[in-house]
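Text of the file query29.cif, holding mmCIF, C-alpha atoms and all ligand atoms:
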data_structure
loop_
_atom_site.label_atom_id
_atom_site.label_comp_id
_atom_site.auth_asym_id
_atom_site.auth_seq_id
_atom_site.Cartn_x
_atom_site.Cartn_y
_atom_site.Cartn_z
CA MET A 3 0.00 0.00 0.00
CA GLU A 4 1.53 3.26 -1.10
CA GLN A 5 1.90 5.80 1.64
CA ARG A 6 1.68 9.38 0.44
CA LEU A 7 3.82 12.04 2.03
CA ALA A 8 2.40 15.51 1.99
CA PHE A 9 5.58 17.41 1.10
CA PRO A 10 6.93 18.69 -2.20
CA LEU A 11 9.81 16.69 -3.62
CA HIS A 12 12.62 18.97 -2.55
CA LYS A 13 11.41 18.77 1.06
CA GLN A 14 11.96 15.00 0.92
CA ILE A 15 15.61 15.84 0.39
CA TRP A 16 15.56 18.56 3.05
CA ASN A 17 16.43 16.46 6.06
CA SER A 18 19.16 16.15 8.64
CA ALA A 19 20.94 13.31 6.82
CA SER A 20 21.53 15.33 3.68
CA ILE A 21 24.24 17.91 3.04
CA ALA A 22 23.34 21.54 2.26
CA LYS A 23 25.18 21.84 -1.06
CA HIS A 24 23.58 18.55 -2.20
CA ARG A 25 20.13 19.76 -1.19
CA PHE A 26 20.54 23.03 -3.06
CA THR A 27 21.67 21.39 -6.30
CA PHE A 28 18.85 18.86 -5.99
CA TRP A 29 16.37 21.70 -5.56
CA LEU A 30 17.68 23.43 -8.69
CA MET A 31 17.58 20.15 -10.63
CA SER A 32 14.03 19.32 -9.54
CA HIS A 33 12.86 22.75 -10.73
CA ASN A 34 14.88 22.42 -13.95
CA ARG A 35 16.85 25.53 -13.00
CA LEU A 36 20.32 24.14 -13.65
CA ARG A 37 21.79 25.68 -16.79
CA THR A 38 22.02 22.54 -18.85
CA LYS A 39 23.08 22.81 -22.47
CA GLU A 40 19.46 22.32 -23.50
CA ILE A 41 18.51 25.49 -21.60
CA VAL A 42 21.56 27.53 -22.66
CA GLY A 43 20.96 26.35 -26.26
CA ARG A 44 17.59 28.11 -26.30
CA PHE A 45 19.45 31.42 -26.32
CA GLN A 46 22.82 30.61 -27.89
CA ASP A 47 24.03 28.42 -30.71
CA ILE A 48 26.10 25.80 -28.84
CA ASP A 49 27.14 22.19 -29.15
CA ASN A 50 24.70 20.52 -26.79
CA THR A 51 26.30 17.07 -26.67
CA CYS A 52 26.47 15.49 -23.21
CA ILE A 53 30.06 15.76 -22.02
CA LEU A 54 29.80 12.69 -19.80
CA CYS A 55 28.97 10.21 -22.57
CA ASN A 56 29.29 12.18 -25.82
CA CYS A 57 26.37 10.32 -27.33
CA ALA A 58 23.19 12.28 -26.60
CA ASN A 59 21.95 15.83 -26.13
CA GLU A 60 22.40 17.23 -22.65
CA THR A 61 18.93 17.64 -21.22
CA ARG A 62 18.19 17.43 -17.52
CA ASP A 63 16.59 14.02 -17.88
CA HIS A 64 19.45 12.68 -19.96
CA LEU A 65 22.22 14.06 -17.74
CA PHE A 66 20.85 12.84 -14.43
CA PHE A 67 18.71 9.84 -15.29
CA MET A 68 19.64 8.31 -18.64
CA CYS A 69 23.34 9.01 -19.18
CA GLU A 70 25.47 5.87 -18.89
CA TRP A 71 28.08 7.68 -16.76
CA SER A 72 25.41 8.87 -14.33
CA LYS A 73 23.68 5.49 -14.21
CA GLN A 74 26.98 3.87 -13.25
CA LEU A 75 27.47 6.30 -10.35
CA ILE A 76 23.91 5.84 -9.09
CA GLU A 77 24.23 2.07 -9.41
CA LEU A 78 27.44 2.09 -7.35
CA LEU A 79 25.71 4.15 -4.67
CA GLY A 80 22.75 1.77 -4.69
CA ASN A 81 25.02 -1.28 -4.44
CA TRP A 82 26.69 0.29 -1.42
CA ILE A 83 23.45 0.11 0.55
CA ARG A 84 22.27 -2.96 -1.38
CA LEU A 85 19.43 -1.14 -3.01
CA GLU A 86 18.62 -1.70 -6.65
CA MET A 87 18.68 1.66 -8.41
CA ARG A 88 17.06 1.21 -11.79
CA PHE A 89 14.81 4.18 -12.20
CA PHE A 90 16.06 5.87 -15.27
CA ARG A 91 13.41 8.49 -15.79
CA TYR A 92 12.84 11.62 -13.77
CA THR A 93 9.20 10.77 -13.08
CA ASN A 94 10.14 7.34 -11.75
CA TRP A 95 12.77 8.84 -9.48
CA THR A 96 10.45 11.45 -8.05
CA ARG A 97 7.71 8.91 -7.39
CA TRP A 98 10.22 6.59 -5.82
CA ILE A 99 11.76 9.23 -3.54
CA ARG A 100 8.32 10.41 -2.50
CA TYR A 101 6.57 7.13 -1.91
CA GLY A 102 9.18 4.37 -1.91
CA PHE A 103 9.79 4.17 1.82
CA ARG A 104 7.56 4.02 4.84
CA ASP A 105 10.37 4.19 7.38
CA LYS A 106 11.34 7.84 7.87
CA LYS A 107 15.03 7.37 8.66
CA ARG A 108 15.59 5.00 5.77
CA HIS A 109 13.78 7.40 3.51
CA GLN A 110 15.99 10.25 4.65
CA VAL A 111 19.19 8.33 4.08
CA VAL A 112 18.19 7.25 0.58
CA ALA A 113 17.03 10.78 -0.26
CA ALA A 114 20.37 12.13 1.03
CA MET A 115 22.20 9.60 -1.12
CA VAL A 116 20.22 10.49 -4.23
CA ALA A 117 20.89 14.20 -3.61
CA ALA A 118 24.62 13.41 -3.29
CA GLY A 119 24.48 11.53 -6.59
CA ILE A 120 22.75 14.41 -8.37
CA TYR A 121 25.22 16.94 -6.95
CA ASN A 122 28.24 14.93 -8.00
CA ILE A 123 26.91 14.30 -11.52
CA TRP A 124 26.53 18.07 -11.92
CA MET A 125 30.02 18.69 -10.48
CA GLU A 126 31.60 16.15 -12.82
CA ARG A 127 29.83 17.73 -15.79
CA ASN A 128 31.16 21.16 -14.76
CA ARG A 129 34.66 19.81 -14.08
CA ARG A 130 34.85 18.45 -17.63
CA ILE A 131 33.51 21.64 -19.19
CA PHE A 132 35.46 24.18 -17.15
CA THR A 133 38.71 22.41 -16.20
CA ASN A 134 38.94 19.79 -18.94
CA GLN A 135 39.55 17.08 -16.34
CA ALA A 136 37.56 13.87 -16.06
CA LYS A 137 36.90 11.36 -13.30
CA SER A 138 35.28 7.93 -13.58
CA PRO A 139 32.06 6.98 -11.74
CA GLN A 140 34.22 4.72 -9.56
CA GLN A 141 36.51 7.61 -8.54
CA ILE A 142 33.52 9.80 -7.70
CA PHE A 143 31.86 6.98 -5.79
CA VAL A 144 34.87 6.68 -3.47
CA LEU A 145 34.59 10.40 -2.67
CA VAL A 146 30.80 10.36 -2.17
CA LYS A 147 30.98 7.28 0.01
CA LYS A 148 33.56 8.93 2.25
CA GLU A 149 31.52 12.13 2.55
CA LEU A 150 28.22 10.34 3.24
CA SER A 151 29.77 7.83 5.65
CA TYR A 152 31.01 10.75 7.69
CA ARG A 153 27.57 12.35 7.54
CA PHE A 154 25.64 9.20 8.42
CA ASN A 155 27.85 8.37 11.38
CA GLY A 156 26.02 9.52 14.44
CA TYR A 157 22.81 9.20 12.50
CA PHE A 158 23.05 5.46 12.11
CA SER A 159 25.53 3.00 10.69
CA ILE A 160 25.52 1.80 7.12
CA ASP A 161 25.59 -1.82 8.40
CA THR A 162 22.33 -1.25 10.26
CA LEU A 163 20.89 0.37 7.19
CA ASN A 164 21.93 -2.57 4.99
CA ASN A 165 20.25 -5.07 7.28
CA VAL A 166 17.02 -3.12 7.23
CA PHE A 167 17.11 -2.84 3.44
CA ILE A 168 17.66 -6.56 3.02
CA ALA A 169 14.67 -7.27 5.25
CA ASP A 170 12.42 -4.82 3.50
CA ARG A 171 13.40 -4.27 -0.11
CA VAL A 172 11.74 -1.44 -1.89
CA GLN A 173 8.91 -2.26 -4.24
CA ALA A 174 8.65 0.74 -6.51
CA GLU A 175 6.37 1.06 -9.48
CA LEU A 176 7.92 1.45 -12.89
ZN ZN A 201 25.37 11.49 -21.34
#

For the structure just supplied, provide its representation as structure tokens.
Ligand SMILES: [Zn+2]
Amino acid sequence: MEQRLAFPLHKQIWNSASIAKHRFTFWLMSHNRLRTKEIVGRFQDIDNTCILCNCANETRDHLFFMCEWSKQLIELLGNWIRLEMRFFRYTNWTRWIRYGFRDKKRHQVVAAMVAAGIYNIWMERNRRIFTNQAKSPQQIFVLVKKELSYRFNGYFSIDTLNNVFIADRVQAEL
């Protein structure tokens, strides 16, 4: 039975487990306010190829939810807490973040993790555009894991979280 939460999407991310810079980027992404090439291209003639995969146009939905580079990062984050992350469309993600979890703490941790993923995808995109340097999803995962582990400590341990997830795997609609 789906349990509805009465908050807008960005408020799901606005919790004590998440990190401010991640929350802010997630908020911009969810309102399509990040200056993706699709948006900049409405006003300027630019090459709008995705710099992470070089094989599609950079729209919000492509960059964060369909790009192979981004999917690899999200999958690594999901594997870390043994949660299958296979929601490759924005609408699926939003539904999942909103309604996927009944337990509040678990919900907060997953929302914090998703916000960290979104933030780091945007940072990697900017790194490649503005500094011409590139990192792999695996390299970014190591950094995100370190940052979130530090954040979650004192909240609750990842081991505890894993055990709860195994006992109660998410059933999200596709
Ligand atoms: Zn791409």

Report task. In the coordinates of the file, take the point (31.2, 18.6, -15.3) and a cut-off of 12 Å; then, counting only C-alpha atoms, name each qualifying protein, DNA or RNA residue as number ranges by chain. Result -> A: 37-39, 52-55, 60, 65-66, 71-72, 120-138, 142

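A straight line drawn from CA of Leu150 (chain A) to CA of Thr61 (chain A) is 27.2 Å long.
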
Report summary line: Between CA of Leu75 (chain A) and CA of Phe143 (chain A) lies a distance of 6.4 Å

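With all atoms listed in the file as the atoms that count, the minimum distance from ligand ZN 201 (chain A) to the choices A:Ser32, A:Ser20, A:Asn50, A:Thr27 is reached by A:Asn50.
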
Report summary line: Across A:His33, A:Ile21, A:His64, A:Asp47, the smallest distance to ligand ZN 201 (chain A), with all atoms listed in the file counted, is shown by A:His64
